[in-house]
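Peer 1: Below is the file entry_30.cif, which contains mmCIF, C-alpha atoms and all ligand atoms.
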data_data
#
loop_
_atom_site.label_atom_id
_atom_site.label_comp_id
_atom_site.auth_asym_id
_atom_site.auth_seq_id
_atom_site.Cartn_x
_atom_site.Cartn_y
_atom_site.Cartn_z
CA MET A 27 -84.57 82.07 71.08
CA ALA A 28 -84.57 79.56 73.94
CA LEU A 29 -87.85 78.37 75.45
CA ASN A 30 -87.86 77.66 79.17
CA THR A 31 -91.41 76.46 79.81
CA PRO A 32 -92.62 72.89 79.25
CA SER A 33 -95.72 74.06 77.39
CA ILE A 34 -97.19 77.03 75.53
CA LYS A 35 -100.66 78.14 76.54
CA TYR A 36 -102.59 80.23 74.06
CA LYS A 37 -105.98 81.31 72.70
CA ALA A 38 -107.46 79.88 69.51
CA HIS A 39 -110.72 80.03 67.56
CA ALA A 40 -112.12 76.50 67.53
CA TYR A 41 -115.35 74.49 67.17
CA LYS A 42 -116.65 71.02 67.97
CA SER A 43 -118.97 70.56 65.01
CA ASN A 44 -121.44 72.46 62.84
CA ARG A 45 -123.90 72.32 65.76
CA THR A 46 -121.74 74.52 67.99
CA PRO A 47 -120.43 78.05 67.43
CA ILE A 48 -116.81 78.88 66.69
CA GLN A 49 -115.45 80.15 69.98
CA ILE A 50 -112.21 81.36 71.52
CA VAL A 51 -110.80 78.50 73.59
CA ASP A 52 -107.67 77.85 75.66
CA GLU A 53 -105.17 75.55 74.00
CA THR A 54 -101.82 74.06 75.02
CA ILE A 55 -98.82 72.86 73.04
CA ASP A 56 -96.53 70.52 74.96
CA LEU A 57 -92.83 71.07 74.25
CA VAL A 58 -89.91 68.63 74.39
CA ARG A 59 -87.18 69.01 77.02
CA LYS A 60 -83.61 68.94 75.73
CA PRO A 61 -80.69 67.56 77.83
CA ASN A 62 -79.57 71.15 78.53
CA GLY A 63 -82.95 71.91 80.13
CA GLU A 64 -84.27 74.07 77.27
CA TYR A 65 -87.56 73.25 75.57
CA VAL A 66 -88.17 72.89 71.84
CA ALA A 67 -91.07 72.13 69.49
CA PRO A 68 -91.97 68.44 69.13
CA ARG A 69 -90.05 66.32 66.63
CA GLY A 70 -90.79 67.18 62.98
CA ARG A 71 -92.77 70.32 63.87
CA ILE A 72 -92.29 74.09 63.51
CA LEU A 73 -93.75 76.32 66.24
CA VAL A 74 -94.99 79.61 64.78
CA LYS A 75 -96.22 82.63 66.72
CA ILE A 76 -99.03 83.93 64.53
CA ASN A 77 -99.46 87.58 63.60
CA TYR A 78 -102.16 87.27 60.92
CA ALA A 79 -104.49 84.60 59.54
CA SER A 80 -106.55 84.98 56.40
CA LEU A 81 -109.96 83.44 55.83
CA ASN A 82 -111.03 81.37 52.86
CA PRO A 83 -114.55 80.24 51.87
CA VAL A 84 -113.35 76.64 52.36
CA ASP A 85 -112.74 77.29 56.09
CA TYR A 86 -116.40 78.06 56.64
CA LYS A 87 -117.60 75.34 54.24
CA VAL A 88 -115.60 72.75 56.21
CA TYR A 89 -117.05 74.03 59.51
CA LYS A 90 -120.61 73.87 58.11
CA LYS A 91 -120.06 70.27 57.00
CA THR A 92 -118.39 68.99 60.20
CA PRO A 93 -120.76 66.38 61.71
CA TRP A 94 -121.43 66.28 65.48
CA ILE A 95 -120.02 62.75 65.70
CA SER A 96 -116.55 64.10 64.96
CA SER A 97 -116.64 65.92 68.35
CA PHE A 98 -115.75 62.62 70.02
CA TYR A 99 -112.55 62.47 68.01
CA ASN A 100 -111.60 66.16 68.31
CA SER A 101 -113.63 68.68 70.30
CA LYS A 102 -111.41 71.68 69.45
CA LYS A 103 -111.05 71.91 65.69
CA GLY A 104 -109.06 74.95 64.71
CA PHE A 105 -110.37 77.49 62.19
CA GLY A 106 -108.33 78.90 59.29
CA LYS A 107 -105.46 77.66 57.11
CA ASP A 108 -103.44 80.66 55.89
CA PHE A 109 -101.05 82.32 58.33
CA SER A 110 -98.09 84.65 58.75
CA GLY A 111 -95.89 85.02 61.80
CA GLN A 112 -92.51 84.20 63.25
CA VAL A 113 -90.76 80.87 63.79
CA VAL A 114 -90.25 80.37 67.53
CA SER A 115 -88.85 76.85 67.65
CA ILE A 116 -88.09 73.90 65.37
CA GLY A 117 -88.26 70.32 66.60
CA ALA A 118 -85.64 67.65 65.99
CA ASN A 119 -85.55 65.99 62.54
CA THR A 120 -87.68 68.65 60.88
CA ASP A 121 -87.25 68.83 57.12
CA THR A 122 -87.49 72.59 56.46
CA ASN A 123 -85.61 75.55 55.00
CA VAL A 124 -86.95 78.04 57.56
CA LYS A 125 -84.99 79.00 60.69
CA VAL A 126 -85.89 80.12 64.19
CA GLY A 127 -86.61 83.87 64.08
CA ASP A 128 -87.66 83.89 60.40
CA LEU A 129 -90.82 85.71 59.42
CA VAL A 130 -92.86 83.14 57.52
CA GLN A 131 -96.17 82.53 55.80
CA GLY A 132 -97.80 79.26 54.96
CA LEU A 133 -100.81 77.06 54.57
CA ASN A 134 -101.55 74.75 57.48
CA TRP A 135 -102.66 71.27 56.40
CA PRO A 136 -104.39 68.80 56.60
CA ILE A 137 -107.91 70.17 56.53
CA TRP A 138 -108.75 69.30 60.17
CA GLY A 139 -105.26 70.14 61.45
CA GLY A 140 -104.74 73.05 63.84
CA GLY A 141 -106.30 76.35 62.82
CA SER A 142 -104.36 79.49 61.92
CA CYS A 143 -106.82 81.78 63.75
CA ALA A 144 -104.79 81.22 66.91
CA GLN A 145 -101.89 82.76 68.79
CA TYR A 146 -99.63 79.78 68.05
CA LEU A 147 -99.56 77.06 65.45
CA LEU A 148 -97.63 73.82 65.34
CA VAL A 149 -96.85 73.31 61.66
CA ASN A 150 -95.96 69.93 60.16
CA PRO A 151 -93.88 70.83 57.07
CA PHE A 152 -94.49 67.37 55.62
CA TRP A 153 -98.06 68.48 54.80
CA SER A 154 -97.89 72.24 55.17
CA PRO A 155 -96.06 74.52 52.73
CA ILE A 156 -94.19 77.23 54.65
CA THR A 157 -91.53 79.70 53.53
CA THR A 158 -89.98 83.05 54.41
CA VAL A 159 -91.88 86.26 53.75
CA PRO A 160 -90.80 88.26 50.66
CA THR A 161 -89.08 91.44 51.80
CA ASN A 162 -91.38 93.70 49.77
CA ILE A 163 -94.69 92.72 51.41
CA ASP A 164 -95.99 93.08 54.97
CA LEU A 165 -97.27 90.32 57.25
CA ILE A 166 -100.91 91.11 56.44
CA GLU A 167 -100.26 90.55 52.73
CA ALA A 168 -98.12 87.53 53.57
CA ALA A 169 -101.03 85.80 55.33
CA SER A 170 -103.38 86.60 52.48
CA PHE A 171 -101.89 84.75 49.53
CA PRO A 172 -100.92 81.08 50.18
CA LEU A 173 -104.18 79.21 49.55
CA VAL A 174 -105.53 81.42 46.76
CA LEU A 175 -102.30 82.02 44.85
CA GLY A 176 -101.42 78.32 45.31
CA THR A 177 -104.79 77.36 43.83
CA ALA A 178 -104.29 79.70 40.85
CA MET A 179 -100.81 78.28 40.26
CA GLN A 180 -102.11 74.73 40.42
CA MET A 181 -104.89 75.55 37.93
CA THR A 182 -102.57 77.11 35.35
CA ARG A 183 -99.33 75.17 35.77
CA LYS A 184 -99.86 72.60 33.01
CA MET A 185 -101.35 75.05 30.52
CA LYS A 186 -99.39 76.33 27.53
CA LEU A 187 -100.63 79.86 27.94
CA ARG A 188 -98.48 81.62 25.32
CA ASP A 189 -100.71 83.00 22.54
CA SER A 190 -103.73 81.16 23.94
CA LYS A 191 -107.30 82.36 24.35
CA VAL A 192 -108.45 82.06 27.96
CA LEU A 193 -111.76 82.56 29.76
CA VAL A 194 -111.57 83.32 33.49
CA ILE A 195 -114.95 82.94 35.19
CA GLY A 196 -115.12 84.87 38.48
CA ALA A 197 -112.07 87.01 37.77
CA GLY A 198 -112.99 89.25 40.72
CA THR A 199 -112.55 86.44 43.27
CA SER A 200 -109.26 86.21 45.11
CA VAL A 201 -108.29 83.12 43.10
CA GLY A 202 -109.50 84.73 39.86
CA ARG A 203 -107.35 87.84 40.32
CA TYR A 204 -104.26 85.62 40.51
CA VAL A 205 -105.40 83.46 37.58
CA VAL A 206 -105.74 86.57 35.37
CA GLN A 207 -102.25 87.73 36.39
CA LEU A 208 -100.72 84.29 35.77
CA ALA A 209 -102.41 84.11 32.35
CA ARG A 210 -100.94 87.52 31.49
CA ILE A 211 -97.46 86.52 32.74
CA GLY A 212 -97.76 83.25 30.78
CA GLY A 213 -98.30 85.24 27.56
CA ALA A 214 -101.99 84.56 26.85
CA LYS A 215 -103.08 86.49 23.74
CA GLU A 216 -106.68 86.99 24.80
CA ILE A 217 -108.02 86.94 28.37
CA VAL A 218 -111.80 87.18 28.58
CA THR A 219 -113.18 87.53 32.13
CA THR A 220 -116.49 87.55 33.96
CA ASN A 221 -116.63 90.06 36.79
CA SER A 222 -118.79 92.92 37.99
CA ASN A 223 -118.68 96.40 36.58
CA LYS A 224 -117.25 97.62 39.87
CA THR A 225 -114.00 95.64 39.41
CA SER A 226 -113.80 96.29 35.69
CA ASP A 227 -110.85 98.78 35.72
CA LEU A 228 -108.89 96.65 38.13
CA ILE A 229 -109.36 93.38 36.21
CA ARG A 230 -108.38 95.15 32.97
CA ASP A 231 -105.19 96.41 34.64
CA LEU A 232 -104.42 92.85 35.79
CA GLY A 233 -104.56 91.61 32.19
CA ALA A 234 -108.15 91.12 30.94
CA THR A 235 -108.53 91.97 27.25
CA SER A 236 -112.35 91.89 27.36
CA GLN A 237 -114.92 91.47 30.11
CA ILE A 238 -118.45 90.16 30.65
CA ASP A 239 -120.43 91.81 33.46
CA TYR A 240 -122.18 88.96 35.29
CA HIS A 241 -124.87 91.33 36.56
CA LYS A 242 -125.79 92.25 32.98
CA TYR A 243 -125.58 88.61 31.80
CA PRO A 244 -126.73 86.31 34.63
CA ASN A 245 -126.13 83.50 32.10
CA TYR A 246 -122.71 83.88 30.40
CA LEU A 247 -123.44 81.68 27.39
CA THR A 248 -124.61 84.39 24.96
CA PRO A 249 -121.65 86.78 25.41
CA VAL A 250 -119.19 83.86 25.44
CA LEU A 251 -120.60 82.60 22.11
CA GLU A 252 -120.24 86.15 20.73
CA SER A 253 -116.57 86.09 21.72
CA VAL A 254 -116.16 82.70 19.97
CA LYS A 255 -117.79 84.16 16.83
CA SER A 256 -115.44 87.14 16.78
CA SER A 257 -112.07 85.56 17.72
CA GLY A 258 -112.45 81.79 17.87
CA GLN A 259 -112.83 79.06 20.50
CA PHE A 260 -111.11 79.06 23.89
CA ASP A 261 -108.00 77.02 24.63
CA TYR A 262 -108.62 77.17 28.38
CA ILE A 263 -111.58 77.93 30.65
CA LEU A 264 -110.71 78.58 34.30
CA ASP A 265 -113.77 78.70 36.52
CA CYS A 266 -113.09 80.34 39.89
CA TRP A 267 -116.73 80.92 40.81
CA GLY A 268 -118.78 77.86 39.79
CA THR A 269 -121.23 77.76 36.89
CA GLY A 270 -122.78 75.29 34.46
CA ASP A 271 -123.84 78.01 31.99
CA LEU A 272 -121.57 77.00 29.13
CA PHE A 273 -122.25 73.27 28.99
CA PRO A 274 -125.28 73.36 26.64
CA GLU A 275 -122.87 74.64 23.92
CA ILE A 276 -119.52 73.62 25.38
CA ASP A 277 -118.27 71.92 22.18
CA HIS A 278 -118.65 75.24 20.37
CA VAL A 279 -116.99 77.22 23.15
CA ILE A 280 -113.80 75.24 23.84
CA LYS A 281 -111.27 73.81 21.38
CA LYS A 282 -110.82 70.06 20.95
CA GLY A 283 -108.21 69.03 23.54
CA GLY A 284 -108.74 72.27 25.51
CA ILE A 285 -108.97 72.30 29.31
CA TYR A 286 -111.98 73.33 31.40
CA TYR A 287 -110.67 73.67 34.96
CA THR A 288 -113.12 74.46 37.74
CA ILE A 289 -112.35 74.75 41.46
CA VAL A 290 -116.03 74.85 42.41
CA GLY A 291 -118.06 72.76 39.95
CA ASP A 292 -121.37 73.75 38.40
CA ASP A 293 -122.77 75.40 41.50
CA ALA A 294 -121.12 75.82 44.90
CA ASN A 295 -124.46 75.66 46.73
CA SER A 296 -126.29 72.87 44.95
CA PRO A 297 -125.90 69.09 45.41
CA ILE A 298 -127.26 68.67 41.86
CA GLY A 299 -124.42 70.90 40.61
CA ALA A 300 -121.93 68.65 42.43
CA VAL A 301 -123.44 65.52 40.83
CA LYS A 302 -123.32 67.09 37.35
CA SER A 303 -119.67 68.09 37.71
CA SER A 304 -118.67 64.69 39.14
CA PHE A 305 -120.40 63.00 36.20
CA ARG A 306 -118.44 65.23 33.82
CA VAL A 307 -115.16 64.31 35.57
CA VAL A 308 -115.90 60.64 34.90
CA LYS A 309 -116.88 61.28 31.26
CA SER A 310 -113.70 63.27 30.67
CA PHE A 311 -111.58 60.59 32.38
CA LEU A 312 -113.09 57.95 30.09
CA GLY A 313 -112.31 60.11 27.04
CA LEU A 314 -115.99 60.74 26.29
CA THR A 315 -115.63 64.53 26.07
CA LYS A 316 -113.70 66.31 23.34
CA TYR A 317 -112.11 68.62 25.97
CA ASN A 318 -110.47 67.82 29.33
CA TYR A 319 -112.65 68.58 32.33
CA ARG A 320 -110.96 69.03 35.72
CA LEU A 321 -112.58 69.61 39.09
CA GLY A 322 -109.58 70.55 41.20
CA LEU A 323 -108.99 70.83 44.91
CA LEU A 324 -105.79 72.52 46.00
CA SER A 325 -103.26 69.87 46.86
CA SER A 326 -100.95 71.50 49.43
CA ASN A 327 -98.18 69.19 48.25
CA PHE A 328 -98.10 69.89 44.53
CA GLU A 329 -94.62 70.34 43.08
CA ASN A 330 -93.49 68.71 46.32
CA LYS A 331 -94.58 71.93 48.07
CA GLY A 332 -92.15 73.90 45.85
CA TRP A 333 -95.07 76.04 44.66
CA ILE A 334 -94.86 78.22 47.75
CA GLU A 335 -91.23 79.07 46.93
CA SER A 336 -92.27 79.91 43.34
CA ALA A 337 -95.11 82.06 44.71
CA ARG A 338 -92.65 83.78 47.01
CA ASP A 339 -90.31 84.51 44.07
CA LEU A 340 -93.13 85.91 41.91
CA LEU A 341 -94.07 88.26 44.74
CA GLN A 342 -90.47 89.17 45.55
CA ASP A 343 -89.95 90.09 41.88
CA GLY A 344 -93.03 92.33 42.01
CA LYS A 345 -94.74 90.34 39.24
CA ILE A 346 -97.94 89.66 41.17
CA GLN A 347 -100.27 92.07 42.92
CA ILE A 348 -101.86 91.07 46.25
CA PHE A 349 -105.38 92.08 47.32
CA VAL A 350 -106.51 92.46 50.93
CA ASP A 351 -110.13 93.51 51.51
CA SER A 352 -110.01 94.20 55.25
CA VAL A 353 -108.36 93.32 58.55
CA TYR A 354 -110.46 92.35 61.59
CA PRO A 355 -109.36 92.19 65.25
CA PHE A 356 -108.82 88.72 66.77
CA GLY A 357 -112.11 88.91 68.72
CA GLU A 358 -114.20 89.70 65.62
CA LEU A 359 -113.99 86.45 63.68
CA ARG A 360 -117.80 86.28 63.36
CA GLU A 361 -117.88 89.72 61.68
CA ALA A 362 -114.98 88.67 59.42
CA ILE A 363 -116.86 85.48 58.41
CA ASP A 364 -120.01 87.53 57.67
CA LYS A 365 -117.98 89.67 55.24
CA LEU A 366 -116.47 86.53 53.67
CA GLU A 367 -119.92 84.98 53.27
CA SER A 368 -121.33 88.14 51.68
CA GLY A 369 -119.47 87.22 48.43
CA ARG A 370 -118.52 90.90 48.12
CA ALA A 371 -114.99 90.89 49.53
CA GLN A 372 -112.47 92.62 47.28
CA GLY A 373 -109.56 90.30 48.07
CA LYS A 374 -108.81 88.52 51.32
CA ILE A 375 -110.32 89.01 54.75
CA VAL A 376 -107.52 88.92 57.32
CA LEU A 377 -107.68 88.38 61.10
CA GLU A 378 -105.15 90.27 63.17
CA VAL A 379 -103.95 87.92 65.91
CA GLU A 380 -101.13 90.16 67.12
CA LYS A 381 -99.73 93.25 65.47
CA PRO A 382 -96.02 92.73 64.75
CA SER A 383 -93.69 95.10 66.53
CA GLN A 384 -89.97 95.46 66.98
CA GLU A 385 -90.30 93.63 70.32
CA ASN A 386 -92.29 90.66 69.12
CA GLN A 387 -90.02 90.01 66.15
CA ASN A 388 -88.20 87.88 68.75
CA PRO A 389 -91.02 86.98 71.10
CA PHE A 390 -88.99 84.93 73.56
CA GLU A 391 -85.94 87.12 73.92
N1 LIG B 1 -111.01 73.86 44.90
C1 LIG B 1 -110.14 74.56 45.62
O1 LIG B 1 -109.07 74.08 45.98
C2 LIG B 1 -110.49 75.99 45.97
C3 LIG B 1 -109.48 76.84 46.44
C4 LIG B 1 -109.80 78.17 46.71
C5 LIG B 1 -111.12 78.61 46.53
N2 LIG B 1 -112.07 77.74 46.11
C6 LIG B 1 -113.46 78.20 45.90
O2 LIG B 1 -113.42 79.22 44.90
C7 LIG B 1 -114.44 80.18 45.15
C8 LIG B 1 -113.80 81.56 45.19
O3 LIG B 1 -112.99 81.68 46.37
P1 LIG B 1 -112.23 83.06 46.67
O4 LIG B 1 -111.66 82.99 48.03
O5 LIG B 1 -111.33 83.37 45.55
O6 LIG B 1 -113.51 84.03 46.63
P2 LIG B 1 -113.72 85.51 47.19
O7 LIG B 1 -112.44 86.29 47.10
O8 LIG B 1 -114.43 85.46 48.49
O9 LIG B 1 -114.74 86.04 46.07
C9 LIG B 1 -115.38 87.28 46.24
C10 LIG B 1 -115.63 87.86 44.84
O10 LIG B 1 -116.51 87.00 44.12
C11 LIG B 1 -117.01 87.72 43.02
N3 LIG B 1 -118.37 87.29 42.72
C12 LIG B 1 -119.47 87.42 43.49
N4 LIG B 1 -120.55 86.92 42.85
C13 LIG B 1 -120.11 86.45 41.63
C14 LIG B 1 -120.74 85.82 40.52
N5 LIG B 1 -122.07 85.56 40.52
N6 LIG B 1 -119.97 85.48 39.45
C15 LIG B 1 -118.65 85.73 39.43
N7 LIG B 1 -117.98 86.34 40.47
C16 LIG B 1 -118.72 86.68 41.55
C17 LIG B 1 -117.01 89.18 43.44
O11 LIG B 1 -116.19 89.83 42.46
P3 LIG B 1 -116.70 91.13 41.65
O12 LIG B 1 -116.09 92.23 42.42
O13 LIG B 1 -116.22 90.97 40.27
O14 LIG B 1 -118.20 91.17 41.78
C18 LIG B 1 -116.33 89.19 44.83
O15 LIG B 1 -115.43 90.25 44.99
C19 LIG B 1 -115.12 79.75 46.46
O16 LIG B 1 -116.27 79.00 46.16
C20 LIG B 1 -114.08 78.86 47.12
O17 LIG B 1 -114.63 77.92 48.01
C21 LIG B 1 -111.80 76.45 45.82
#
Could you express the structure from this file as structure tokens?
Peer 2:
Amino acid sequence: MALNTPSIKYKAHAYKSNRTPIQIVDETIDLVRKPNGEYVAPRGRILVKINYASLNPVDYKVYKKTPWISSFYNSKKGFGKDFSGQVVSIGANTDTNVKVGDLVQGLNWPIWGGGSCAQYLLVNPFWSPITTVPTNIDLIEAASFPLVLGTAMQMTRKMKLRDSKVLVIGAGTSVGRYVVQLARIGGAKEIVTTNSNKTSDLIRDLGATSQIDYHKYPNYLTPVLESVKSSGQFDYILDCWGTGDLFPEIDHVIKKGGIYYTIVGDDANSPIGAVKSSFRVVKSFLGLTKYNYRLGLLSSNFENKGWIESARDLLQDGKIQIFVDSVYPFGELREAIDKLESGRAQGKIVLEVEKPSQENQNPFE
């Protein structure tokens, strides 16, 4: 797949700061000329032609928090992290297992690196996990899992799940659906979840042994204490939505030495919630809580990025089910974000950058 132009020109969704809209802009990637006259991706980089990008709440949160002053440093910040597509070129000295022509999915990092809602992406595999697509899923599903399944794997990886009692808060979220499945695969004895009535059958099929409808119980504490009364305290609490409901009675709810792992904190939308959870992190670190409290952000590099290979294997073996809510055309990012922000998506929202076809499996041939 030889490239014979010195640069790639393409369209991308980008923004300057939270004061400007996310717009489609023209972008350019400069290539490196080889002695034989062909062009390749820059050193240490993988050039991917994107087919699909999936949206995560963090993409929009980052945009909303990007100050205007950062426009001086970078006036075209890309939007989106998760992607699927095809490897077009690999630069010299690139440490990767993927090859030119491979169909791949990955998570582009760092946070203000290029966005995946673009026709091309220059991936730095030092920061960005990338691997080949399992043969039993399509490219839409491939784009949908990296950040959320990676987060669920990071949350559960140090937990001894066999025969444990687990509470998954926000089991209907994309992360929560994977957490429930990983708890089931890990051999948890009891998996209690909070989710709406509408997802009840689905969450049960994924592994929940009992459920709390958050519409019926806007505060989870009472039903959680009932569960403790009937079958004992929890070994692990995995919060995928963000709540402080349990803390007034937390010592009754979780076992001594148990883990409370949240990826949001007490409240995603409140600075007071953020202060409370940060305070709890410090208390737990100093050994002043009887349980371990963790406020985790996905680290793209955990297990030296090997997690994406493990995720790939779980999917290839058919052990994990993927959920895609909807697919939006490239020009309808705003509508896709509105659906994401509604909090009602049933799985991932995916942006179709270019439908894969027989011809564009090898875009430069
Ligand atoms: N720290 C990190 O590294 C990290 C990584 C990924 C995500 N996150 C954060 O985790 C959260 C979830 O992200 P996501 O992409 O998984 O979400 P998502 O898929 O967009 O979540 C949508 C689902 O949330 C559920 N939901 C709505 N209101 C709820 C409530 N009051 N209580 C419990 N569940 C409710 C609904 O499920 P039902 O159908 O059951 O109503 C809905 O289907 C976000 O705040 C995100 O920013 C953090």
Peer 1: For ligand LIG 1 (chain B), what centre and edge lengths in Å (one decimal) does the axis-aligned box get once 5 Å is added on each side of all its listed atoms, as AutoDock Vina command-line options?
Peer 2:
--center_x -115.6 --center_y 83.0 --center_z 44.0 --size_x 23.0 --size_y 28.4 --size_z 19.1
Peer 1: With all atoms listed in the file as the basis for distance, which of A:Ala144, A:Val74, A:Val130, A:Leu81 is at the shortest distance from ligand LIG 1 (chain B)?
Peer 2: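 When distances to ligand LIG 1 (chain B) are compared using all atoms listed in the file, the smallest one comes from A:Leu81.
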Peer 1: State, in Å with one decimal place, the distance from atom CA of Ser96 of chain A to atom CA of Pro47 of chain A.
Peer 2: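 That distance, rounded to one decimal, is 14.7 Å.
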Peer 1: Which of these residues is nearest to ligand LIG 1 (chain B), using all atoms listed in the file: A:Val307, A:Leu314, A:Ala300, A:Leu175?
Peer 2: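 Once distances to ligand LIG 1 (chain B) are computed over all atoms listed in the file, the minimum belongs to A:Leu175.
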Peer 1: Excluding Ile72 of chain A and its own-chain neighbours fewer than 5 positions away, which residues fall within 9 Å of it when counting only C-alpha atoms? Please give them as number ranges by chain.
Peer 2: A: 67, 113-117, 120, 122, 124, 126, 147-151
Peer 1: Missing atoms in segment 277-299 of chain A should be modelled up to N, CA and C atoms and reported as a PDB file, in the frame of the given file.
Peer 2:
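As a result, result-v2.pdb now contains:
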ATOM      1  N   ASP A 277    -119.105  72.342  23.316  1.00  0.00           N
ATOM      2  CA  ASP A 277    -118.270  71.920  22.180  1.00  0.00           C
ATOM      3  C   ASP A 277    -118.021  73.055  21.183  1.00  0.00           C
ATOM      4  N   HIS A 278    -118.885  74.068  21.223  1.00  0.00           N
ATOM      5  CA  HIS A 278    -118.650  75.240  20.370  1.00  0.00           C
ATOM      6  C   HIS A 278    -117.736  76.241  21.052  1.00  0.00           C
ATOM      7  N   VAL A 279    -117.703  76.183  22.381  1.00  0.00           N
ATOM      8  CA  VAL A 279    -116.990  77.220  23.150  1.00  0.00           C
ATOM      9  C   VAL A 279    -115.502  76.887  23.294  1.00  0.00           C
ATOM     10  N   ILE A 280    -115.193  75.615  23.546  1.00  0.00           N
ATOM     11  CA  ILE A 280    -113.800  75.240  23.840  1.00  0.00           C
ATOM     12  C   ILE A 280    -113.222  74.390  22.702  1.00  0.00           C
ATOM     13  N   LYS A 281    -111.918  74.568  22.452  1.00  0.00           N
ATOM     14  CA  LYS A 281    -111.270  73.810  21.380  1.00  0.00           C
ATOM     15  C   LYS A 281    -111.180  72.321  21.736  1.00  0.00           C
ATOM     16  N   LYS A 282    -111.060  71.491  20.727  1.00  0.00           N
ATOM     17  CA  LYS A 282    -110.820  70.060  20.950  1.00  0.00           C
ATOM     18  C   LYS A 282    -109.479  69.941  21.693  1.00  0.00           C
ATOM     19  N   GLY A 283    -109.451  69.190  22.773  1.00  0.00           N
ATOM     20  CA  GLY A 283    -108.210  69.030  23.540  1.00  0.00           C
ATOM     21  C   GLY A 283    -107.963  70.171  24.523  1.00  0.00           C
ATOM     22  N   GLY A 284    -108.870  71.168  24.553  1.00  0.00           N
ATOM     23  CA  GLY A 284    -108.740  72.270  25.510  1.00  0.00           C
ATOM     24  C   GLY A 284    -109.026  71.804  26.938  1.00  0.00           C
ATOM     25  N   ILE A 285    -108.749  72.686  27.902  1.00  0.00           N
ATOM     26  CA  ILE A 285    -108.970  72.300  29.310  1.00  0.00           C
ATOM     27  C   ILE A 285    -110.010  73.228  29.946  1.00  0.00           C
ATOM     28  N   TYR A 286    -111.010  72.599  30.578  1.00  0.00           N
ATOM     29  CA  TYR A 286    -111.980  73.330  31.400  1.00  0.00           C
ATOM     30  C   TYR A 286    -111.633  72.971  32.837  1.00  0.00           C
ATOM     31  N   TYR A 287    -111.117  73.940  33.591  1.00  0.00           N
ATOM     32  CA  TYR A 287    -110.670  73.670  34.960  1.00  0.00           C
ATOM     33  C   TYR A 287    -111.548  74.458  35.919  1.00  0.00           C
ATOM     34  N   THR A 288    -112.302  73.761  36.742  1.00  0.00           N
ATOM     35  CA  THR A 288    -113.120  74.460  37.740  1.00  0.00           C
ATOM     36  C   THR A 288    -112.660  74.080  39.147  1.00  0.00           C
ATOM     37  N   ILE A 289    -112.693  75.060  40.062  1.00  0.00           N
ATOM     38  CA  ILE A 289    -112.350  74.750  41.460  1.00  0.00           C
ATOM     39  C   ILE A 289    -113.615  74.686  42.316  1.00  0.00           C
ATOM     40  N   VAL A 290    -114.773  74.833  41.657  1.00  0.00           N
ATOM     41  CA  VAL A 290    -116.030  74.850  42.410  1.00  0.00           C
ATOM     42  C   VAL A 290    -117.020  73.814  41.880  1.00  0.00           C
ATOM     43  N   GLY A 291    -117.050  73.621  40.560  1.00  0.00           N
ATOM     44  CA  GLY A 291    -118.060  72.760  39.950  1.00  0.00           C
ATOM     45  C   GLY A 291    -119.171  73.630  39.386  1.00  0.00           C
ATOM     46  N   ASP A 292    -120.298  73.002  39.062  1.00  0.00           N
ATOM     47  CA  ASP A 292    -121.370  73.750  38.400  1.00  0.00           C
ATOM     48  C   ASP A 292    -122.014  74.787  39.304  1.00  0.00           C
ATOM     49  N   ASP A 293    -122.122  74.467  40.582  1.00  0.00           N
ATOM     50  CA  ASP A 293    -122.770  75.400  41.500  1.00  0.00           C
ATOM     51  C   ASP A 293    -122.313  75.066  42.914  1.00  0.00           C
ATOM     52  N   ALA A 294    -121.698  76.061  43.567  1.00  0.00           N
ATOM     53  CA  ALA A 294    -121.120  75.820  44.900  1.00  0.00           C
ATOM     54  C   ALA A 294    -122.192  75.420  45.910  1.00  0.00           C
ATOM     55  N   ASN A 295    -123.442  75.856  45.685  1.00  0.00           N
ATOM     56  CA  ASN A 295    -124.460  75.660  46.730  1.00  0.00           C
ATOM     57  C   ASN A 295    -125.477  74.573  46.408  1.00  0.00           C
ATOM     58  N   SER A 296    -125.255  73.831  45.315  1.00  0.00           N
ATOM     59  CA  SER A 296    -126.290  72.870  44.950  1.00  0.00           C
ATOM     60  C   SER A 296    -125.727  71.456  44.839  1.00  0.00           C
ATOM     61  N   PRO A 297    -126.356  70.482  45.535  1.00  0.00           N
ATOM     62  CA  PRO A 297    -125.900  69.090  45.410  1.00  0.00           C
ATOM     63  C   PRO A 297    -126.050  68.582  43.975  1.00  0.00           C
ATOM     64  N   ILE A 298    -127.066  69.103  43.256  1.00  0.00           N
ATOM     65  CA  ILE A 298    -127.260  68.670  41.860  1.00  0.00           C
ATOM     66  C   ILE A 298    -126.067  69.139  41.023  1.00  0.00           C
ATOM     67  N   GLY A 299    -125.606  70.366  41.310  1.00  0.00           N
ATOM     68  CA  GLY A 299    -124.420  70.900  40.610  1.00  0.00           C
ATOM     69  C   GLY A 299    -123.222  69.997  40.841  1.00  0.00           C
TER      70      GLY A 299
END
